[in-house]
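Structure file work-v2.tsv; described as TSV, C-alpha atoms.
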```
chain	number	residue	atom	x	y	z
X	1	MET	CA	-148.28	-33.50	-2.39
X	2	PRO	CA	-148.47	-34.49	-6.08
X	3	SER	CA	-147.51	-38.01	-7.07
X	4	ARG	CA	-144.43	-38.76	-9.10
X	5	PRO	CA	-145.15	-38.85	-12.87
X	6	LEU	CA	-145.60	-42.27	-14.45
X	7	LEU	CA	-144.10	-43.40	-17.74
X	8	LEU	CA	-146.16	-46.16	-19.37
X	9	ASP	CA	-144.61	-48.70	-21.71
X	10	ASP	CA	-146.54	-49.84	-24.79
X	11	ARG	CA	-148.40	-52.65	-23.01
X	12	ALA	CA	-149.36	-50.46	-20.04
X	13	LEU	CA	-150.56	-47.78	-22.50
X	14	VAL	CA	-152.76	-50.33	-24.28
X	15	ALA	CA	-154.13	-51.49	-20.93
X	16	LEU	CA	-155.01	-47.93	-19.96
X	17	LEU	CA	-156.76	-47.26	-23.27
X	18	VAL	CA	-158.87	-50.43	-23.24
X	19	GLY	CA	-159.87	-49.96	-19.62
X	20	GLU	CA	-157.83	-52.75	-18.04
X	21	ARG	CA	-156.92	-52.24	-14.42
X	22	LEU	CA	-153.52	-50.77	-13.87
X	23	PRO	CA	-152.19	-50.69	-10.30
X	24	ILE	CA	-151.02	-47.10	-10.59
X	25	THR	CA	-151.28	-44.05	-8.40
X	26	ARG	CA	-154.44	-42.08	-8.99
X	27	GLY	CA	-153.93	-38.47	-9.92
X	28	ALA	CA	-150.37	-39.02	-11.12
X	29	GLU	CA	-149.43	-37.44	-14.42
X	30	ARG	CA	-149.12	-40.12	-17.09
X	31	PHE	CA	-146.69	-40.13	-19.99
X	32	THR	CA	-145.50	-42.49	-22.67
X	33	THR	CA	-142.81	-42.20	-25.31
X	34	THR	CA	-143.26	-41.66	-29.02
X	35	TYR	CA	-141.78	-45.07	-29.76
X	36	PHE	CA	-143.99	-46.90	-27.20
X	37	TRP	CA	-147.03	-45.11	-28.65
X	38	PHE	CA	-146.00	-46.00	-32.21
X	39	ARG	CA	-145.50	-49.69	-31.33
X	40	ALA	CA	-148.90	-49.84	-29.63
X	41	CYS	CA	-150.66	-48.15	-32.57
X	42	ARG	CA	-148.87	-50.30	-35.13
X	43	ALA	CA	-149.78	-53.50	-33.30
X	44	VAL	CA	-153.42	-52.50	-32.98
X	45	VAL	CA	-153.80	-51.40	-36.61
X	46	VAL	CA	-151.92	-54.39	-38.04
X	47	GLY	CA	-153.30	-56.72	-35.37
X	48	ALA	CA	-151.90	-60.14	-34.76
X	49	GLY	CA	-153.46	-61.10	-31.45
X	50	GLY	CA	-150.17	-60.61	-29.64
X	51	ARG	CA	-149.49	-59.01	-26.30
X	52	LEU	CA	-150.12	-55.51	-27.67
X	53	SER	CA	-153.07	-56.06	-30.01
X	54	GLY	CA	-154.71	-58.87	-28.03
X	55	PRO	CA	-156.49	-56.58	-25.54
X	56	PHE	CA	-158.12	-54.68	-28.44
X	57	GLU	CA	-159.17	-57.88	-30.17
X	58	ARG	CA	-160.94	-59.02	-26.99
X	59	LEU	CA	-163.16	-55.91	-27.02
X	60	GLU	CA	-166.62	-55.94	-28.58
X	61	PRO	CA	-166.47	-54.52	-32.15
X	62	GLY	CA	-168.13	-51.20	-31.20
X	63	HIS	CA	-165.77	-50.66	-28.29
X	64	ARG	CA	-162.81	-51.76	-30.41
X	65	ALA	CA	-163.37	-48.97	-32.96
X	66	ALA	CA	-163.67	-46.34	-30.22
X	67	ALA	CA	-160.57	-47.65	-28.45
X	68	LEU	CA	-158.62	-47.58	-31.72
X	69	GLU	CA	-159.60	-43.94	-32.32
X	70	HIS	CA	-158.60	-43.19	-28.73
X	71	MET	CA	-155.22	-44.87	-29.30
X	72	LEU	CA	-154.45	-43.08	-32.55
X	73	ALA	CA	-155.36	-39.68	-31.09
X	74	LEU	CA	-153.57	-40.33	-27.77
X	75	PRO	CA	-155.70	-38.92	-24.98
X	76	GLY	CA	-154.83	-35.47	-23.72
X	77	ASP	CA	-154.17	-36.82	-20.23
X	78	VAL	CA	-151.24	-38.91	-21.52
X	79	GLY	CA	-148.26	-36.70	-22.20
X	80	LEU	CA	-145.28	-37.08	-24.48
X	81	PRO	CA	-141.84	-35.69	-23.61
X	82	GLU	CA	-140.85	-32.64	-25.62
X	83	PRO	CA	-138.39	-33.69	-28.39
X	84	ARG	CA	-136.15	-30.63	-27.90
X	85	LEU	CA	-135.70	-31.61	-24.27
X	86	ILE	CA	-135.47	-35.39	-24.55
X	87	VAL	CA	-132.99	-35.73	-27.42
X	88	PRO	CA	-130.00	-34.37	-25.44
X	89	VAL	CA	-130.91	-36.70	-22.56
X	90	MET	CA	-131.12	-39.60	-25.04
X	91	VAL	CA	-127.62	-38.80	-26.25
X	92	GLY	CA	-126.35	-38.99	-22.66
X	93	VAL	CA	-128.11	-42.31	-22.06
X	94	GLN	CA	-126.72	-43.69	-25.33
X	95	ARG	CA	-123.21	-42.56	-24.37
X	96	ARG	CA	-123.46	-44.43	-21.06
X	97	HIS	CA	-125.18	-47.49	-22.62
X	98	PRO	CA	-123.98	-47.72	-26.25
X	99	GLY	CA	-125.70	-51.06	-26.98
X	100	LEU	CA	-129.15	-49.82	-26.01
X	101	ASN	CA	-131.69	-49.67	-28.85
X	102	VAL	CA	-133.63	-46.51	-29.66
X	103	LEU	CA	-136.87	-47.63	-27.98
X	104	ASN	CA	-135.13	-48.26	-24.67
X	105	THR	CA	-132.85	-45.23	-24.98
X	106	GLU	CA	-135.93	-43.03	-25.38
X	107	ALA	CA	-137.70	-44.76	-22.49
X	108	ALA	CA	-134.78	-44.34	-20.08
X	109	ALA	CA	-134.26	-40.73	-21.17
X	110	ALA	CA	-137.96	-39.93	-20.74
X	111	ALA	CA	-137.97	-41.37	-17.23
X	112	LEU	CA	-134.89	-39.34	-16.34
X	113	LEU	CA	-136.20	-36.15	-17.91
X	114	LEU	CA	-139.61	-36.43	-16.24
X	115	GLY	CA	-138.38	-37.83	-12.92
X	116	ALA	CA	-140.93	-40.56	-13.63
X	117	LYS	CA	-141.47	-44.03	-12.31
X	118	MET	CA	-141.80	-46.46	-15.20
X	119	VAL	CA	-144.85	-48.73	-15.35
X	120	ILE	CA	-143.70	-51.65	-17.47
X	121	SER	CA	-144.73	-55.13	-18.50
X	122	PRO	CA	-142.50	-58.12	-17.66
X	123	PRO	CA	-141.09	-58.36	-21.23
X	124	THR	CA	-139.96	-54.72	-21.01
X	125	ALA	CA	-138.53	-55.25	-17.52
X	126	GLN	CA	-136.62	-58.34	-18.63
X	127	GLY	CA	-135.27	-56.82	-21.83
X	128	GLN	CA	-132.46	-54.35	-22.32
X	129	LEU	CA	-133.76	-52.07	-19.58
X	130	GLU	CA	-133.15	-54.71	-16.90
X	131	ALA	CA	-129.51	-53.67	-16.59
X	132	VAL	CA	-130.04	-49.97	-17.33
X	133	LEU	CA	-132.77	-49.01	-14.85
X	134	PRO	CA	-130.77	-49.70	-11.67
X	135	VAL	CA	-127.63	-48.03	-13.03
X	136	GLU	CA	-129.61	-44.92	-14.01
X	137	ARG	CA	-131.54	-45.04	-10.70
X	138	ILE	CA	-134.88	-45.14	-12.52
X	139	ALA	CA	-137.75	-46.36	-10.36
X	140	PHE	CA	-140.08	-48.84	-12.00
X	141	GLN	CA	-143.08	-51.01	-11.30
X	142	THR	CA	-143.64	-54.21	-13.23
X	143	VAL	CA	-147.30	-54.92	-13.94
X	144	ASP	CA	-148.64	-58.29	-15.03
X	145	LEU	CA	-151.40	-57.76	-17.55
X	146	PRO	CA	-153.60	-60.32	-19.33
```
How would this structure read if it were set down as structure tokens?
Amino acid sequence: MPSRPLLLDDRALVALLVGERLPITRGAERFTTTYFWFRACRAVVVGAGGRLSGPFERLEPGHRAAALEHMLALPGDVGLPEPRLIVPVMVGVQRRHPGLNVLNTEAAAAALLLGAKMVISPPTAQGQLEAVLPVERIAFQTVDLP
């Protein structure tokens, strides 16, 4: 029986792309959102040694360049929800949670659309989604990453 799809937040996406261990189900389809992908790419390109760019900065220079190319191209085994399908779901999420920002609206909508379990870092879990995930019955797994 196939595993439930996984939706990776920006930090989990970075971890995947730099080869950090993620305690996730093998063989499960992996997705991220456009906004999570954008935030991860922006952090890596601009670089500030923060929670998103730090893992890239710890790589050896040769590996860093390859990982950056990998990030900007987004590997084929990491999917993105189809905009024509997700936007109506986003509108529904926003109607139910009017104070939710676009990043979190897209994340919740993607999880609902895909029937995915979210794989999220503690800052994501403790942010705006903390109140939304239980109400929307979205499964999630918090992962502590270096």
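Nearest to Phe38 (chain X) of all the residues X:Asp77, X:Glu60, X:Asp9, X:Asp144 is X:Asp9, counting only C-alpha atoms.
For Arg26 (chain X), the residues within 12 Å (counting only C-alpha atoms, excluding itself and residues fewer than 2 positions away along the chain) are Pro2, Ser3, Arg4, Pro5, Leu6, Arg21, Leu22, Pro23, Ile24, Ala28, Glu29 and Arg30 of chain X.
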What gap, in Å, lies between CA of Ala15 (chain X) and CA of Val87 (chain X)? 27.2 Å
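Note that CA of Gln94 (chain X) and CA of Ala111 (chain X) are 14.1 Å apart.
With only C-alpha atoms as the basis for measurement, X:Ile120 is the residue among X:Ile120, X:Asn104, X:Ala109, X:Ala73 that approaches Ala12 (chain X) most closely.
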Can you measure CA of Val143 (chain X) to CA of Val91 (chain X) for me? One decimal in Å is fine. 28.3 Å
If the box runs along x, y and z of the file and leaves 5 Å on each side of region 2-20 of chain X, what are its centre and edge lengths in Å, one decimal, as lines of an AutoDock Vina configuration file?
```
center_x = -152.0
center_y = -43.6
center_z = -15.4
size_x = 25.8
size_y = 28.3
size_z = 28.7
```
Pick from X:Met90, X:Ala43, X:Leu100, X:Ala65: nearest to Ala131 (chain X), with all atoms listed in the file counted? X:Leu100
Quick one: residues within 10 Å of Glu82 (chain X), all atoms listed in the file, excluding same-chain residues fewer than 6 positions away - as a ChimeraX atom specification? /X:33-34,110,113
Got a sec to check which residues sit within 12 Å of (-128.9, -41.6, -13.8), counting only C-alpha atoms, and write them as a PyMOL selection string? chain X and resi 89-90+92-94+96-97+108-113+115+132-139
